[in-house]
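For reference, run_32.pdb is printed below; it contains PDB, C-alpha atoms, pLDDT in the B column.
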ATOM      1  CA  MET A   1       0.000   0.000   0.000  1.00 79.00           C
ATOM      2  CA  LYS A   2       1.298   3.462  -0.856  1.00 85.00           C
ATOM      3  CA  ALA A   3       0.787   6.624   1.175  1.00 87.00           C
ATOM      4  CA  LEU A   4       1.616  10.273   0.705  1.00 92.00           C
ATOM      5  CA  PHE A   5       4.886  11.436   2.265  1.00 94.00           C
ATOM      6  CA  PHE A   6       6.146  14.966   2.828  1.00 96.00           C
ATOM      7  CA  HIS A   7       9.860  15.781   2.624  1.00 96.00           C
ATOM      8  CA  ALA A   8      10.285  19.164   4.332  1.00 95.00           C
ATOM      9  CA  GLU A   9      13.902  19.537   3.230  1.00 95.00           C
ATOM     10  CA  LYS A  10      12.764  19.683  -0.414  1.00 97.00           C
ATOM     11  CA  CYS A  11       9.808  22.033   0.095  1.00 97.00           C
ATOM     12  CA  ILE A  12      10.056  25.676  -1.001  1.00 96.00           C
ATOM     13  CA  GLY A  13       6.770  26.694   0.651  1.00 94.00           C
ATOM     14  CA  CYS A  14       4.944  27.555  -2.586  1.00 95.00           C
ATOM     15  CA  LYS A  15       1.756  25.705  -1.522  1.00 95.00           C
ATOM     16  CA  LEU A  16       0.968  24.623  -5.069  1.00 97.00           C
ATOM     17  CA  CYS A  17       0.016  21.317  -3.452  1.00 97.00           C
ATOM     18  CA  HIS A  18      -2.904  23.021  -1.665  1.00 97.00           C
ATOM     19  CA  LEU A  19      -4.120  24.495  -4.943  1.00 97.00           C
ATOM     20  CA  ALA A  20      -3.734  21.204  -6.804  1.00 97.00           C
ATOM     21  CA  CYS A  21      -5.614  19.299  -4.116  1.00 97.00           C
ATOM     22  CA  THR A  22      -8.588  21.617  -4.092  1.00 97.00           C
ATOM     23  CA  ALA A  23      -8.694  22.034  -7.858  1.00 97.00           C
ATOM     24  CA  GLN A  24      -8.883  18.266  -8.260  1.00 97.00           C
ATOM     25  CA  ASN A  25     -11.262  17.559  -5.375  1.00 95.00           C
ATOM     26  CA  GLU A  26     -13.364  20.712  -5.069  1.00 95.00           C
ATOM     27  CA  GLY A  27     -13.259  22.162  -8.568  1.00 96.00           C
ATOM     28  CA  GLU A  28     -11.874  25.430  -7.207  1.00 96.00           C
ATOM     29  CA  PHE A  29      -8.627  26.840  -5.854  1.00 96.00           C
ATOM     30  CA  ASN A  30      -9.347  27.055  -2.117  1.00 95.00           C
ATOM     31  CA  PRO A  31      -6.335  26.209   0.086  1.00 94.00           C
ATOM     32  CA  ARG A  32      -8.536  26.049   3.215  1.00 94.00           C
ATOM     33  CA  LEU A  33     -10.099  22.862   1.829  1.00 96.00           C
ATOM     34  CA  ALA A  34      -6.821  21.086   1.040  1.00 97.00           C
ATOM     35  CA  ARG A  35      -6.496  17.560   2.378  1.00 96.00           C
ATOM     36  CA  LEU A  36      -2.913  18.131   3.471  1.00 96.00           C
ATOM     37  CA  LYS A  37      -1.334  20.769   5.679  1.00 96.00           C
ATOM     38  CA  ILE A  38       1.875  22.495   4.652  1.00 96.00           C
ATOM     39  CA  THR A  39       2.925  25.585   6.577  1.00 95.00           C
ATOM     40  CA  SER A  40       5.928  27.787   6.005  1.00 94.00           C
ATOM     41  CA  HIS A  41       7.482  30.901   7.436  1.00 94.00           C
ATOM     42  CA  TYR A  42      10.860  32.553   7.650  1.00 94.00           C
ATOM     43  CA  ASN A  43      12.936  32.987  10.762  1.00 95.00           C
ATOM     44  CA  ARG A  44      16.547  34.076  11.233  1.00 96.00           C
ATOM     45  CA  GLU A  45      17.843  30.767   9.938  1.00 92.00           C
ATOM     46  CA  GLY A  46      15.728  30.884   6.778  1.00 93.00           C
ATOM     47  CA  LEU A  47      12.642  29.045   5.571  1.00 94.00           C
ATOM     48  CA  VAL A  48      10.901  26.794   8.093  1.00 95.00           C
ATOM     49  CA  VAL A  49       8.479  24.283   6.595  1.00 96.00           C
ATOM     50  CA  LYS A  50       6.227  21.787   8.331  1.00 96.00           C
ATOM     51  CA  GLY A  51       3.812  19.398   6.739  1.00 96.00           C
ATOM     52  CA  GLN A  52       1.242  16.774   7.496  1.00 95.00           C
ATOM     53  CA  THR A  53      -0.329  14.334   5.079  1.00 95.00           C
ATOM     54  CA  CYS A  54      -2.626  11.337   5.253  1.00 94.00           C
ATOM     55  CA  ASP A  55      -0.548   8.315   6.243  1.00 90.00           C
ATOM     56  CA  LEU A  56      -3.423   5.849   5.798  1.00 91.00           C
ATOM     57  CA  CYS A  57      -3.567   5.036   9.506  1.00 93.00           C
ATOM     58  CA  LEU A  58      -7.288   4.345   8.910  1.00 94.00           C
ATOM     59  CA  SER A  59      -8.387   6.000  12.169  1.00 96.00           C
ATOM     60  CA  CYS A  60     -11.051   7.837  10.205  1.00 97.00           C
ATOM     61  CA  VAL A  61     -12.394   4.604   8.725  1.00 97.00           C
ATOM     62  CA  GLU A  62     -12.668   3.048  12.177  1.00 97.00           C
ATOM     63  CA  ALA A  63     -14.259   6.163  13.694  1.00 96.00           C
ATOM     64  CA  CYS A  64     -16.983   6.660  11.094  1.00 97.00           C
ATOM     65  CA  PRO A  65     -20.223   5.269  12.540  1.00 97.00           C
ATOM     66  CA  VAL A  66     -21.962   5.090   9.144  1.00 97.00           C
ATOM     67  CA  ASP A  67     -19.111   3.766   6.947  1.00 96.00           C
ATOM     68  CA  ALA A  68     -18.962   6.958   4.890  1.00 96.00           C
ATOM     69  CA  ILE A  69     -15.159   6.622   4.709  1.00 96.00           C
ATOM     70  CA  VAL A  70     -13.913   3.324   3.359  1.00 95.00           C
ATOM     71  CA  GLU A  71     -10.546   1.910   2.395  1.00 93.00           C
ATOM     72  CA  LYS A  72     -10.299  -0.263  -0.677  1.00 90.00           C
ATOM     73  CA  ASN A  73      -7.151  -1.362  -2.441  1.00 86.00           C
ATOM     74  CA  GLY A  74      -4.996   1.036  -0.424  1.00 84.00           C
ATOM     75  CA  ARG A  75      -7.099   4.122  -1.146  1.00 89.00           C
ATOM     76  CA  LEU A  76      -9.688   5.995   0.846  1.00 92.00           C
ATOM     77  CA  SER A  77     -13.019   7.019  -0.555  1.00 92.00           C
ATOM     78  CA  PHE A  78     -15.811   9.127   0.860  1.00 92.00           C
ATOM     79  CA  VAL A  79     -19.485   8.339   0.324  1.00 93.00           C
ATOM     80  CA  GLU A  80     -21.171  11.706   0.753  1.00 90.00           C
ATOM     81  CA  GLU A  81     -24.698  10.278   0.833  1.00 94.00           C
ATOM     82  CA  LEU A  82     -23.880   8.274   3.976  1.00 95.00           C
ATOM     83  CA  CYS A  83     -22.180  11.096   5.886  1.00 95.00           C
ATOM     84  CA  THR A  84     -24.149  12.525   8.818  1.00 94.00           C
ATOM     85  CA  ASP A  85     -21.725  15.453   9.373  1.00 93.00           C
ATOM     86  CA  CYS A  86     -20.828  14.157  12.844  1.00 94.00           C
ATOM     87  CA  ALA A  87     -17.148  15.092  12.238  1.00 94.00           C
ATOM     88  CA  LEU A  88     -15.785  12.214  14.332  1.00 96.00           C
ATOM     89  CA  CYS A  89     -13.274  11.566  11.557  1.00 97.00           C
ATOM     90  CA  VAL A  90     -12.095  15.175  11.687  1.00 96.00           C
ATOM     91  CA  ASP A  91     -11.610  14.974  15.448  1.00 96.00           C
ATOM     92  CA  ILE A  92      -9.805  11.612  15.386  1.00 97.00           C
ATOM     93  CA  CYS A  93      -7.386  12.248  12.503  1.00 97.00           C
ATOM     94  CA  PRO A  94      -3.916  12.285  14.115  1.00 96.00           C
ATOM     95  CA  ASN A  95      -2.494  14.360  11.258  1.00 95.00           C
ATOM     96  CA  ASP A  96      -5.303  16.929  11.195  1.00 95.00           C
ATOM     97  CA  VAL A  97      -5.752  16.564   7.432  1.00 96.00           C
ATOM     98  CA  ILE A  98      -9.458  15.752   7.181  1.00 96.00           C
ATOM     99  CA  VAL A  99     -11.336  18.917   6.308  1.00 95.00           C
ATOM    100  CA  LYS A 100     -14.815  19.755   7.581  1.00 94.00           C
ATOM    101  CA  LYS A 101     -16.732  21.337   4.737  1.00 92.00           C
ATOM    102  CA  GLU A 102     -20.108  23.024   4.557  1.00 88.00           C
ATOM    103  CA  LYS A 103     -21.596  19.642   3.644  1.00 85.00           C
ATOM    104  CA  GLY A 104     -19.567  16.578   4.500  1.00 88.00           C
ATOM    105  CA  ILE A 105     -15.828  16.256   4.800  1.00 94.00           C
ATOM    106  CA  GLY A 106     -12.740  16.242   2.601  1.00 94.00           C
ATOM    107  CA  VAL A 107     -10.461  13.240   2.908  1.00 95.00           C
ATOM    108  CA  CYS A 108      -7.304  12.474   0.928  1.00 94.00           C
ATOM    109  CA  VAL A 109      -8.177   9.937  -1.751  1.00 91.00           C
ATOM    110  CA  GLN A 110      -4.577   9.629  -2.983  1.00 90.00           C
ATOM    111  CA  CYS A 111      -5.431  11.350  -6.273  1.00 92.00           C
ATOM    112  CA  ARG A 112      -1.762  12.377  -6.678  1.00 93.00           C
ATOM    113  CA  SER A 113      -2.536  15.893  -7.902  1.00 96.00           C
ATOM    114  CA  CYS A 114      -0.360  17.378  -5.162  1.00 97.00           C
ATOM    115  CA  THR A 115       2.617  15.256  -6.206  1.00 96.00           C
ATOM    116  CA  ASN A 116       2.095  16.110  -9.865  1.00 96.00           C
ATOM    117  CA  TRP A 117       2.110  19.862  -9.157  1.00 96.00           C
ATOM    118  CA  CYS A 118       4.998  19.879  -6.662  1.00 97.00           C
ATOM    119  CA  PRO A 119       7.998  21.439  -8.452  1.00 97.00           C
ATOM    120  CA  THR A 120      10.570  19.986  -6.028  1.00 97.00           C
ATOM    121  CA  GLU A 121       9.219  16.477  -5.390  1.00 97.00           C
ATOM    122  CA  ALA A 122       8.646  17.329  -1.728  1.00 97.00           C
ATOM    123  CA  LEU A 123       5.505  15.185  -1.906  1.00 97.00           C
ATOM    124  CA  THR A 124       5.836  11.567  -2.945  1.00 95.00           C
ATOM    125  CA  PHE A 125       3.854   8.352  -2.762  1.00 91.00           C
ATOM    126  CA  GLU A 126       5.833   5.637  -1.055  1.00 90.00           C
ATOM    127  CA  GLU A 127       5.179   2.112   0.083  1.00 86.00           C
ATOM    128  CA  VAL A 128       4.062   1.727   3.691  1.00 79.00           C
ATOM    129  CA  SER A 129       3.724  -1.461   5.699  1.00 72.00           C
ATOM    130  CA  LYS A 130       0.498  -1.930   7.632  1.00 58.00           C
TER     131      LYS A 130
END
Could you quickly redo this structure as structure tokens?
Amino acid sequence: MKALFFHAEKCIGCKLCHLACTAQNEGEFNPRLARLKITSHYNREGLVVKGQTCDLCLSCVEACPVDAIVEKNGRLSFVEELCTDCALCVDICPNDVIVKKEKGIGVCVQCRSCTNWCPTEALTFEEVSK
């Protein structure tokens, strides 16, 4: 199974990944709805970058009382019609990358848009053992 990994040492803080994620999944450029969290700022030493991505821990799948989030073949999917907007998945996500939207949630479905748009390969899909 492959999961999304963030390599801070390669990141330039451009946040194109946020735009790619929301363009693919929301049909608009809205970084607040990105299913990954990359933050950056400058201090005296230079650029400081931190990032969190979905590591497929499946906490959200286990927490969902109505099976609106499911894992199949190493990918997550969200069934909007089943979601009751309880936000248990948002609260339980250890990486804080599930987004509460006006209706439903946004979960990383490993679409790879963020990796395709990243100019420095700071985001990659790599094999994980579960």
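For Thr84 in chain A, the set of protein, DNA and RNA residues having any atom at most 9 Å away, when counting all atoms listed in the file and skipping those fewer than 6 positions along the same chain, is Val66, Ala68 and Gly104 of chain A.
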For the residues in the current selection, export C-alpha atoms as a PDB file, in the coordinates of the input.
ATOM      1  CA  VAL A  66     -21.962   5.090   9.144  1.00 97.00           C
ATOM      2  CA  ALA A  68     -18.962   6.958   4.890  1.00 96.00           C
ATOM      3  CA  GLY A 104     -19.567  16.578   4.500  1.00 88.00           C
TER       4      GLY A 104
END
Hey, what's within 6 Å of range 105-115 of chain A if we count all atoms listed in the file and toss same-chain stuff fewer than 6 positions away? As number ranges by chain, please? A: 17, 20-21, 35, 75-77, 98-99, 123-124
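Atom pair CA of Glu127 in chain A / CA of Val79 in chain A has a distance of 25.4 Å (rounded to one decimal).
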What are the centre and the three edge lengths of an axis-aligned box that wraps all atoms of range 66-70 of chain A in the file, given that 6 Å is added to every side, written as JSON and rounded to one decimal in Å?
{"center_x": -17.9, "center_y": 5.1, "center_z": 6.3, "size_x": 20.0, "size_y": 15.6, "size_z": 17.8}
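Comparing A:Cys64, A:Ser40, A:Ile92, A:Phe125 by their smallest distance to Glu9 in chain A, the closest is A:Ser40 (using only C-alpha atoms).
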For a test of reading the model, state the distance in Å between CA of Tyr42 in chain A and CA of Thr22 in chain A, rounded to one decimal.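 Distance between the two atoms: 25.2 Å.
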Here is a test: counting all atoms listed in the file, which residue of A:Ala34, A:Ala23, A:Cys14, A:Cys57 is nearest to Pro94 in chain A? A:Cys57
